[in-house]
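Dumped run21.cif below, it's mmCIF, C-alpha atoms:
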```cif
data_my_file
#
loop_
_atom_site.label_atom_id
_atom_site.label_comp_id
_atom_site.auth_asym_id
_atom_site.auth_seq_id
_atom_site.Cartn_x
_atom_site.Cartn_y
_atom_site.Cartn_z
CA MET P 1 -8.40 88.44 -35.32
CA SER P 2 -10.19 85.56 -37.06
CA GLU P 3 -8.95 82.01 -36.73
CA VAL P 4 -9.19 79.44 -39.49
CA PHE P 5 -10.29 75.87 -39.12
CA ILE P 6 -10.54 73.17 -41.82
CA ILE P 7 -12.70 70.08 -41.31
CA ASP P 8 -12.08 66.97 -43.35
CA LEU P 9 -15.57 65.49 -43.69
CA ILE P 10 -14.74 61.84 -43.27
CA HIS P 11 -17.85 60.54 -41.44
CA CYS P 12 -19.48 59.69 -44.72
CA ARG P 13 -22.20 57.40 -43.38
CA CYS P 14 -22.85 59.01 -40.01
CA PRO P 15 -26.59 59.70 -39.44
CA GLN P 16 -25.67 62.47 -36.99
CA HIS P 17 -23.24 64.14 -39.34
CA SER P 18 -24.25 67.81 -38.87
CA SER P 19 -24.30 67.63 -35.08
CA CYS P 20 -21.06 65.65 -35.19
CA VAL P 21 -19.27 68.39 -37.13
CA GLU P 22 -20.71 71.08 -34.86
CA ARG P 23 -19.44 69.21 -31.81
CA GLN P 24 -16.01 68.92 -33.38
CA VAL P 25 -15.88 72.66 -34.02
CA LYS P 26 -16.90 73.55 -30.48
CA SER P 27 -14.51 71.01 -29.00
CA VAL P 28 -11.61 72.62 -30.82
CA THR P 29 -12.59 76.24 -30.28
CA GLY P 30 -13.66 75.74 -26.69
CA ARG P 31 -16.37 78.35 -27.09
CA SER P 32 -18.90 79.72 -29.53
CA ASP P 33 -17.71 79.38 -33.11
CA VAL P 34 -18.38 83.07 -33.86
CA GLY P 35 -15.18 84.72 -35.15
CA PHE P 36 -13.86 81.60 -36.84
CA GLN P 37 -13.51 80.98 -40.54
CA ILE P 38 -14.50 77.35 -41.02
CA TYR P 39 -13.77 75.42 -44.21
CA LEU P 40 -15.52 72.12 -44.93
CA LEU P 41 -13.34 69.89 -47.09
CA PHE P 42 -15.12 67.54 -49.47
CA GLY P 43 -12.72 65.42 -51.49
CA PRO P 44 -13.36 63.12 -54.45
CA HIS P 45 -13.78 60.09 -52.13
CA VAL P 46 -16.47 61.59 -49.89
CA GLN P 47 -20.09 60.49 -50.22
CA ARG P 48 -22.21 63.59 -50.62
CA CYS P 49 -25.61 62.12 -49.75
CA ASN P 50 -26.85 60.83 -46.43
CA ALA P 51 -29.09 57.83 -45.83
CA ASN P 52 -32.14 59.90 -46.83
CA GLY P 53 -30.60 60.93 -50.14
CA GLU P 54 -30.09 64.53 -49.02
CA ASN P 55 -27.00 66.46 -50.17
CA LYS P 56 -24.73 66.78 -47.12
CA VAL P 57 -22.85 69.77 -48.55
CA SER P 58 -26.04 71.82 -48.73
CA LEU P 59 -27.24 70.54 -45.36
CA LEU P 60 -24.02 71.52 -43.60
CA VAL P 61 -23.89 74.99 -45.12
CA THR P 62 -27.49 75.55 -44.07
CA PHE P 63 -26.77 74.13 -40.61
CA PHE P 64 -23.87 76.52 -39.98
CA SER P 65 -25.05 79.56 -41.93
CA GLN P 66 -26.63 81.23 -38.91
CA LYS P 67 -23.63 80.61 -36.67
CA THR P 68 -20.37 81.29 -38.46
CA ASN P 69 -18.62 81.94 -41.74
CA VAL P 70 -18.69 78.55 -43.41
CA HIS P 71 -16.99 77.87 -46.73
CA VAL P 72 -17.16 74.68 -48.76
CA LEU P 73 -14.10 73.24 -50.48
CA ASP P 74 -15.68 70.87 -52.98
CA TYR P 75 -13.40 70.50 -56.00
CA THR P 76 -12.41 67.73 -58.38
CA THR P 77 -9.03 67.15 -56.73
CA VAL P 78 -7.66 67.48 -53.22
CA THR P 79 -4.93 69.70 -54.67
CA GLU P 80 -7.42 72.28 -55.86
CA SER P 81 -9.26 72.25 -52.54
CA TRP P 82 -6.03 72.91 -50.63
CA TYR P 83 -4.90 75.50 -53.19
CA ARG P 84 -8.19 77.45 -52.88
CA PHE P 85 -7.94 77.16 -49.12
CA LYS P 86 -4.43 78.65 -49.20
CA LEU P 87 -5.68 81.59 -51.28
CA ALA P 88 -8.31 82.26 -48.61
CA VAL P 89 -5.80 81.99 -45.74
CA ASP P 90 -3.46 84.41 -47.50
CA GLN P 91 -6.29 86.87 -48.13
CA LEU P 92 -7.07 86.77 -44.40
CA ASP P 93 -3.33 87.21 -43.67
CA LEU P 94 -3.39 84.26 -41.27
CA ARG P 95 -0.59 81.84 -40.48
CA THR P 96 -2.04 79.24 -38.10
CA VAL P 97 -4.52 76.63 -39.29
CA ARG P 98 -6.38 74.07 -37.20
CA VAL P 99 -7.00 70.84 -39.07
CA PHE P 100 -9.54 68.19 -38.15
CA THR P 101 -9.00 64.91 -39.99
CA SER P 102 -8.59 61.21 -39.38
CA LYS P 103 -5.37 59.59 -38.27
CA ASN P 104 -5.19 57.74 -41.59
CA ARG P 105 -5.55 60.86 -43.71
CA ARG P 106 -3.18 63.10 -41.79
CA PRO P 107 -0.05 61.88 -43.69
CA MET P 108 -1.81 62.64 -46.97
CA PHE P 109 -2.71 66.14 -45.79
CA GLU P 110 0.85 66.70 -44.64
CA ALA P 111 2.07 65.78 -48.12
CA TYR P 112 -0.25 68.31 -49.76
CA ILE P 113 0.69 70.97 -47.23
CA GLU P 114 4.40 70.33 -47.86
CA GLN P 115 3.79 70.98 -51.56
CA LEU P 116 1.53 74.03 -51.29
CA PHE P 117 2.63 75.88 -48.13
CA THR P 118 5.88 77.04 -46.51
CA GLU P 119 7.24 77.25 -42.97
CA VAL P 120 5.42 80.56 -42.60
CA TYR P 121 2.31 78.54 -41.77
CA THR P 122 1.62 76.39 -38.71
CA PHE P 123 -0.82 73.47 -38.80
CA GLU P 124 -2.38 72.11 -35.61
CA TYR P 125 -4.00 68.69 -36.00
CA ILE P 126 -6.95 67.27 -34.12
CA THR P 127 -7.64 63.73 -35.25
CA SER P 128 -10.97 61.91 -35.20
CA ASN P 129 -9.42 59.49 -32.72
CA ASP P 130 -9.39 62.34 -30.21
CA LEU P 131 -13.04 63.18 -30.98
CA PRO P 132 -14.89 59.92 -31.76
CA CYS P 133 -18.04 60.03 -33.85
CA PRO P 134 -21.22 60.00 -31.68
CA GLY P 135 -22.94 57.93 -34.34
CA HIS P 136 -20.43 55.12 -33.74
CA VAL P 137 -19.73 54.82 -37.46
CA GLN P 138 -16.38 53.64 -38.76
CA CYS P 139 -14.67 56.45 -40.66
CA ASP P 140 -14.63 55.78 -44.38
CA SER P 141 -11.10 57.07 -44.88
CA PRO P 142 -9.27 55.86 -47.99
CA LEU P 143 -5.57 55.16 -47.75
CA ALA P 144 -3.32 58.04 -48.76
CA PRO P 145 -1.85 57.88 -52.27
CA PRO P 146 1.95 57.71 -52.65
CA VAL P 147 3.77 61.01 -52.23
CA SER P 148 4.96 60.75 -55.83
CA GLU P 149 1.33 60.80 -57.02
CA ILE P 150 0.56 63.82 -54.84
CA ARG P 151 3.56 65.68 -56.23
CA GLU P 152 2.48 64.91 -59.80
CA GLU P 153 -1.09 65.98 -59.06
CA VAL P 154 0.13 69.29 -57.63
CA ARG P 155 2.54 69.86 -60.53
CA SER P 156 -0.17 69.18 -63.13
CA PHE P 157 -2.65 71.43 -61.36
CA LEU P 158 -0.22 74.37 -61.16
CA GLN P 159 0.66 73.99 -64.84
CA GLN P 160 -2.95 74.53 -65.89
CA LEU P 161 -3.44 77.72 -63.86
CA PRO P 162 -3.79 80.85 -66.02
CA ALA P 163 -0.85 83.27 -66.04
CA LYS P 164 -1.21 86.84 -64.85
CA GLY P 165 0.08 88.73 -67.85
CA ASP P 166 2.86 87.70 -70.19
CA VAL P 167 6.43 86.77 -69.31
CA THR P 168 8.52 89.81 -70.23
CA ILE P 169 12.31 89.63 -70.58
CA LEU P 170 14.64 92.64 -70.77
CA ARG P 171 17.84 92.21 -72.79
CA SER P 172 20.98 94.30 -73.06
CA THR P 173 22.37 95.33 -76.44
CA PHE P 174 25.84 95.23 -74.85
CA ILE P 175 25.83 91.43 -74.73
CA SER P 176 26.92 89.59 -77.87
CA ASP P 177 24.58 87.21 -79.66
CA CYS P 178 27.08 84.51 -78.70
CA PHE P 179 25.26 84.46 -75.35
CA SER P 180 21.62 84.05 -74.36
CA HIS P 181 20.55 86.21 -71.46
CA GLY P 182 17.82 88.28 -69.91
CA PHE P 183 16.36 90.04 -66.88
CA THR P 184 12.88 89.09 -65.73
CA THR P 185 10.03 91.35 -64.68
CA ARG P 186 7.16 90.49 -62.34
CA THR P 187 4.53 89.53 -64.94
CA GLY P 188 3.61 86.19 -66.47
CA GLY P 189 3.51 83.89 -63.43
CA ILE P 190 0.92 82.39 -61.09
CA SER P 191 1.88 83.84 -57.69
CA SER P 192 -1.22 85.39 -56.17
CA ILE P 193 -0.14 87.38 -53.10
CA SER P 194 0.02 91.06 -54.04
CA THR P 195 3.71 91.58 -53.21
CA LEU P 196 4.67 88.30 -54.96
CA SER P 197 2.40 88.57 -57.98
CA SER P 198 3.01 87.10 -60.30
CA LEU P 199 6.40 85.79 -61.56
CA ASN P 200 8.11 85.40 -58.21
CA LEU P 201 11.24 83.28 -58.73
CA PHE P 202 12.38 82.54 -55.20
CA SER P 203 10.96 80.58 -52.27
CA SER P 204 12.11 80.64 -48.67
CA SER P 205 10.90 79.69 -45.21
CA ARG P 206 10.03 83.34 -44.58
CA ARG P 207 7.77 83.83 -47.59
CA ARG P 208 4.39 82.43 -48.57
CA ASP P 209 5.15 81.11 -52.07
CA PRO P 210 6.01 77.37 -51.88
CA ARG P 211 8.81 75.76 -53.87
CA THR P 212 6.36 74.01 -56.19
CA LEU P 213 4.74 77.26 -57.24
CA VAL P 214 8.09 78.98 -57.80
CA ALA P 215 9.21 75.96 -59.84
CA GLU P 216 6.18 76.44 -62.09
CA ASN P 217 7.04 80.13 -62.50
CA ILE P 218 10.59 79.13 -63.47
CA ARG P 219 9.21 76.57 -65.94
CA ARG P 220 7.17 79.29 -67.63
CA LEU P 221 10.18 81.61 -67.73
CA ALA P 222 12.35 78.85 -69.19
CA GLN P 223 9.77 78.11 -71.86
CA LYS P 224 9.75 81.78 -72.88
CA ALA P 225 13.53 82.24 -72.70
CA GLY P 226 14.45 78.94 -74.33
CA PHE P 227 16.30 76.98 -71.67
CA TYR P 228 15.65 73.76 -69.74
CA PRO P 229 14.65 74.50 -66.12
CA ARG P 230 16.78 71.72 -64.63
CA LEU P 231 19.91 73.34 -66.06
CA LEU P 232 19.33 76.52 -64.05
CA HIS P 233 21.84 77.31 -61.27
CA LEU P 234 20.77 80.21 -59.06
CA VAL P 235 23.38 81.68 -56.74
CA LYS P 236 22.92 80.82 -53.07
CA VAL P 237 22.97 84.30 -51.61
CA ASN P 238 25.00 85.11 -48.51
CA HIS P 239 25.51 88.87 -49.13
CA SER P 240 29.28 88.60 -49.41
CA SER P 241 31.87 88.26 -52.18
CA ASP P 242 32.20 84.49 -52.51
CA VAL P 243 32.26 83.25 -56.12
CA TRP P 244 31.87 79.66 -57.31
CA VAL P 245 34.16 78.74 -60.22
CA MET P 246 31.89 76.13 -61.75
CA GLY P 247 33.76 73.25 -63.35
CA LYS P 248 36.93 73.91 -61.37
CA GLU P 249 35.80 73.37 -57.79
CA GLU P 250 33.01 71.88 -55.68
CA GLU P 251 29.94 74.00 -55.16
CA PRO P 252 30.18 75.99 -51.90
CA HIS P 253 27.39 76.02 -49.34
CA ASP P 254 26.57 79.63 -50.24
CA TYR P 255 27.97 82.24 -52.58
CA ASP P 256 26.95 85.39 -54.47
CA GLY P 257 28.64 84.78 -57.81
CA ILE P 258 29.14 82.04 -60.39
CA VAL P 259 31.59 81.92 -63.30
CA THR P 260 31.95 79.12 -65.84
CA ASN P 261 33.07 78.20 -69.34
CA GLN P 262 30.56 75.36 -69.62
CA ARG P 263 28.08 75.55 -72.46
CA GLY P 264 24.41 74.79 -71.98
CA VAL P 265 24.49 75.59 -68.26
CA VAL P 266 22.19 78.45 -67.24
CA ILE P 267 23.50 80.58 -64.38
CA ALA P 268 21.40 83.21 -62.65
CA ALA P 269 21.43 85.84 -59.91
CA PRO P 270 18.33 87.03 -58.03
CA GLY P 271 17.39 90.62 -57.32
CA ALA P 272 14.67 92.65 -55.64
CA ASP P 273 16.52 95.98 -55.24
CA CYS P 274 19.87 94.16 -55.09
CA MET P 275 21.65 94.16 -58.44
CA PRO P 276 21.67 91.10 -60.71
CA LEU P 277 24.98 91.42 -62.59
CA LEU P 278 25.84 89.62 -65.85
CA PHE P 279 29.43 89.16 -67.09
CA THR P 280 30.45 87.95 -70.55
CA ASP P 281 33.82 87.40 -72.20
CA PRO P 282 33.47 86.36 -75.88
CA VAL P 283 37.26 86.06 -76.25
CA ALA P 284 37.92 83.48 -73.52
CA ARG P 285 34.32 82.22 -73.82
CA VAL P 286 33.48 82.68 -70.16
CA ILE P 287 30.32 83.87 -68.43
CA GLY P 288 29.47 84.99 -64.92
CA VAL P 289 26.63 86.25 -62.77
CA ALA P 290 26.56 87.92 -59.36
CA HIS P 291 24.08 89.12 -56.79
CA ALA P 292 25.15 92.48 -55.35
CA GLY P 293 23.37 94.24 -52.55
CA TRP P 294 24.92 97.13 -50.68
CA LYS P 295 26.89 94.78 -48.42
CA GLY P 296 28.15 92.69 -51.33
CA THR P 297 29.06 95.84 -53.23
CA LEU P 298 31.26 97.04 -50.39
CA MET P 299 32.78 93.58 -50.03
CA GLY P 300 33.67 93.63 -53.74
CA VAL P 301 31.50 90.88 -55.22
CA ALA P 302 31.58 92.43 -58.72
CA MET P 303 35.38 92.65 -58.70
CA ALA P 304 35.62 89.14 -57.23
CA THR P 305 33.52 87.81 -60.13
CA VAL P 306 35.79 89.44 -62.73
CA ASN P 307 38.85 88.12 -60.88
CA ALA P 308 37.35 84.61 -60.81
CA MET P 309 36.92 84.76 -64.61
CA VAL P 310 40.56 85.82 -64.94
CA ARG P 311 41.92 83.30 -62.45
CA GLY P 312 39.72 80.37 -63.38
CA PHE P 313 39.52 80.60 -67.16
CA GLY P 314 42.11 83.06 -68.42
CA SER P 315 39.86 86.03 -69.13
CA ARG P 316 41.29 89.54 -69.35
CA ALA P 317 39.34 92.23 -67.53
CA CYS P 318 39.44 94.45 -70.62
CA ASP P 319 37.50 91.79 -72.57
CA VAL P 320 34.71 91.47 -70.03
CA THR P 321 31.32 93.12 -70.53
CA VAL P 322 29.30 93.84 -67.39
CA VAL P 323 25.55 94.55 -67.36
CA ILE P 324 23.76 95.86 -64.26
CA GLY P 325 20.14 94.73 -64.21
CA PRO P 326 17.01 96.19 -62.61
CA SER P 327 17.81 97.35 -59.09
CA VAL P 328 17.04 100.09 -56.61
CA GLY P 329 18.25 103.50 -57.71
CA ALA P 330 19.78 106.26 -55.62
CA CYS P 331 16.38 107.93 -55.84
CA CYS P 332 14.88 105.33 -53.48
CA PHE P 333 17.74 103.79 -51.49
CA THR P 334 19.08 105.20 -48.24
CA LEU P 335 21.42 103.97 -45.51
CA GLU P 336 22.54 105.13 -42.10
CA ARG P 337 25.23 107.80 -42.38
CA GLU P 338 27.96 105.49 -41.06
CA GLN P 339 27.20 102.91 -43.76
CA ALA P 340 26.81 105.56 -46.45
CA ALA P 341 30.26 106.87 -45.57
CA ASP P 342 31.78 103.68 -46.95
CA PHE P 343 30.23 104.47 -50.33
CA TYR P 344 31.29 108.10 -50.06
CA SER P 345 34.87 106.88 -49.67
CA ILE P 346 34.56 105.02 -52.99
CA HIS P 347 33.53 108.29 -54.65
CA PRO P 348 31.60 111.31 -53.34
CA ASP P 349 29.15 111.02 -56.25
CA CYS P 350 27.93 107.71 -54.79
CA VAL P 351 26.30 109.66 -51.93
CA PRO P 352 24.76 112.89 -53.24
CA ASP P 353 23.43 114.05 -49.84
CA MET P 354 25.98 112.86 -47.30
CA ALA P 355 24.91 115.50 -44.76
CA GLU P 356 21.45 113.92 -44.33
CA THR P 357 20.62 111.58 -41.44
CA ARG P 358 19.91 108.80 -43.95
CA PRO P 359 21.77 109.71 -47.13
CA HIS P 360 20.80 108.36 -50.53
CA VAL P 361 23.28 105.82 -51.91
CA ASN P 362 24.02 104.91 -55.52
CA ILE P 363 25.13 101.25 -55.44
CA ARG P 364 25.19 101.09 -59.25
CA LEU P 365 27.69 103.92 -59.59
CA ALA P 366 29.82 102.36 -56.87
CA THR P 367 29.84 99.11 -58.84
CA ARG P 368 30.90 100.87 -62.06
CA ILE P 369 33.76 102.67 -60.30
CA LEU P 370 35.02 99.54 -58.56
CA ILE P 371 35.05 97.29 -61.64
CA GLN P 372 36.69 100.02 -63.72
CA ARG P 373 39.48 100.08 -61.14
CA GLU P 374 39.76 96.33 -61.69
CA GLY P 375 40.37 96.85 -65.40
CA VAL P 376 36.90 96.62 -66.96
CA LEU P 377 36.62 99.23 -69.71
CA PRO P 378 34.04 102.01 -69.13
CA GLU P 379 32.49 101.41 -72.54
CA ARG P 380 31.86 97.75 -71.66
CA ILE P 381 29.60 98.56 -68.70
CA HIS P 382 25.85 98.83 -69.30
CA ASP P 383 24.12 100.72 -66.50
CA ASP P 384 21.82 103.71 -66.06
CA THR P 385 24.57 106.16 -67.11
CA VAL P 386 24.22 104.79 -70.66
CA THR P 387 21.60 106.92 -72.41
CA ASP P 388 21.99 105.98 -76.07
CA ARG P 389 20.81 102.36 -75.65
CA PRO P 390 17.60 100.80 -74.28
CA SER P 391 17.95 100.64 -70.51
CA VAL P 392 17.89 97.46 -68.44
CA THR P 393 18.94 99.24 -65.23
CA LEU P 394 15.52 100.51 -64.20
CA CYS P 395 14.71 101.35 -60.59
CA THR P 396 12.82 98.44 -59.05
CA SER P 397 11.25 100.62 -56.35
CA CYS P 398 9.99 103.24 -58.81
CA HIS P 399 8.23 100.73 -61.09
CA PRO P 400 5.75 98.64 -59.06
CA GLU P 401 4.00 97.51 -62.24
CA ALA P 402 7.17 95.90 -63.55
CA PHE P 403 9.38 94.84 -60.63
CA PHE P 404 9.44 93.47 -57.12
CA SER P 405 11.09 95.61 -54.44
CA HIS P 406 12.11 94.89 -50.87
CA VAL P 407 12.44 98.62 -50.16
CA ARG P 408 8.91 99.28 -51.38
CA ASP P 409 7.05 96.08 -50.44
CA GLY P 410 8.56 95.02 -47.12
CA LEU P 411 9.55 91.55 -45.94
CA ASP P 412 7.17 89.44 -48.06
CA PHE P 413 8.66 90.61 -51.35
CA GLY P 414 9.03 88.80 -54.66
CA THR P 415 12.22 88.18 -56.59
CA GLN P 416 13.22 88.62 -60.21
CA MET P 417 16.51 87.42 -61.71
CA GLY P 418 19.15 87.92 -64.37
CA PHE P 419 20.16 84.78 -66.28
CA LEU P 420 22.85 83.89 -68.78
CA TRP P 421 24.16 80.92 -70.77
CA MET P 422 26.19 79.81 -73.76
CA ASP P 423 24.47 77.44 -76.19
CA GLU P 424 25.85 73.92 -76.30
CA ALA P 425 26.21 73.93 -80.09
CA GLY P 426 26.31 76.33 -82.98
CA THR P 427 28.41 79.04 -81.31
CA THR P 428 31.86 78.45 -82.82
CA ASP P 429 31.42 80.93 -85.67
CA CYS P 430 29.84 83.43 -83.30
CA PHE P 431 32.80 83.37 -80.92
CA SER P 432 35.32 83.44 -83.75
CA SER P 433 33.81 86.68 -85.03
CA SER P 434 34.03 88.17 -81.53
CA GLU P 435 37.72 87.51 -80.97
CA HIS P 436 40.31 90.20 -81.60
#
```

Output the file's structure in the form of structure tokens.
Amino acid sequence: MSEVFIIDLIHCRCPQHSSCVERQVKSVTGRSDVGFQIYLLFGPHVQRCNANGENKVSLLVTFFSQKTNVHVLDYTTVTESWYRFKLAVDQLDLRTVRVFTSKNRRPMFEAYIEQLFTEVYTFEYITSNDLPCPGHVQCDSPLAPPVSEIREEVRSFLQQLPAKGDVTILRSTFISDCFSHGFTTRTGGISSISTLSSLNLFSSSRRRDPRTLVAENIRRLAQKAGFYPRLLHLVKVNHSSDVWVMGKEEEPHDYDGIVTNQRGVVIAAPGADCMPLLFTDPVARVIGVAHAGWKGTLMGVAMATVNAMVRGFGSRACDVTVVIGPSVGACCFTLEREQAADFYSIHPDCVPDMAETRPHVNIRLATRILIQREGVLPERIHDDTVTDRPSVTLCTSCHPEAFFSHVRDGLDFGTQMGFLWMDEAGTTDCFSSSEH
């Protein structure tokens, strides 16, 4: 497997620059540099000509061209250089990077890496103090800019990247115009990795999309949907049945549902096979969202969300509308027989082939049955059994062009979401017409 090595070309005035860089490479690799991908980083502060007026970028590429795969990172900003480098590392499917830089510039590099990478990657530093320049030239290494400037540079750079397709939002005709809502698809963002492309809306230490990039995807979604990104509250998934009653209690450490009667607050639930569920009550003027995977379904997260609306804000279950968003269908989702038996006990139709070693499981049907038992009216549930309205309960695994899927794509999967809010103003007449 190839290894990747990035050299910060800081010896700007060194007359032995090419041999200096070659020595640095061999000192780090400990052997011939064949098999390494080497990236030469030229930033905006680096002098590109040597004492003879020759272009050092061209000289170095020529110097290394017969020995290794050398790539030049020579862009207007350090952000773009690191961003292009990350694209290359991801294409190579590598996780460990060896960095050669000066002691002074390492904090700056760490700031860029914190913005553009995640804990998936490991960076090993070799500083110029460990490998002094044979030309005995003082490194011309400018002081690092403040972290706030780096963050702004990264944010501005990501904002100007072209989107991959248009942001597409699915909406349910079951939800009253008193509420703004939607379910996202995978198009319209800037995520580049195939399984995350392009509107991935979740970052974690186990995935390659950094928080800054996901924040830019959310900004683009918010611009399309009409909400302010900072008002977005995404559930903190723990695959259980905990529900946060926003406005009545402190936010828990993790939870799979949110209910509130606050206007202007956008609440959202993620999904990538798991179900994003939306709950609206135009009578009590209450909204809710929940994330429901197979574990959360069995633990009763959908029922717990309805109960939280009733307990926290006086809703009646018969007034609540529930919409099940894009999620994995029974066509593509299987469990071990012991786990499937729990769904079979809810209703035999939830497991159409219980005799199989890994039976297919219908988590959507199980959700409908459970919330109907809790008092939600059958005609107020929008799922894939509804055939006379446009569907929002498409199978995420069956539609790779439209949705992310853990079942289909494996561990490095993207995430879509369902979101919901009540406008801060102008909804009084709307709610009045909905009451009965």

Which residues are near segment 392-409 of chain P? Cut-off 8 Å, all atoms listed in the file, ignore same chain within fewer than 4 positions. Put them as a PyMOL selection string. chain P and resi 170-172+183+185-187+195-196+272-273+324-329+332-333+383-384+413-416

Report as a ChimeraX atom specification the residues that result from applying the PyMOL selection byres ((chain P and resi 102-108) around 6) to the structure here. /P:101,109-111,127-128,144

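Nearest residue to Phe100 of chain P among P:Lys248, P:Thr77, P:Leu41, P:Val265 is P:Leu41, counting only C-alpha atoms.
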
For the structure shown, which residues end up in the PyMOL selection byres ((chain P and resi 88) around 12)? Put them as number ranges by chain, please? P: 3-6, 37-39, 71-73, 81-87, 89-95, 97, 192-193

Proximity to Val386 of chain P - best of P:Val323, P:Ser241, P:Ser180, P:Val154, only C-alpha atoms: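 Closest to Val386 of chain P of all the choices is P:Val323.
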
Atom pair atom CA of Ala366 of chain P / atom CA of Phe419 of chain P: separation (Å):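 Separation of atom CA of Ala366 of chain P and atom CA of Phe419 of chain P: 22.2 Å.
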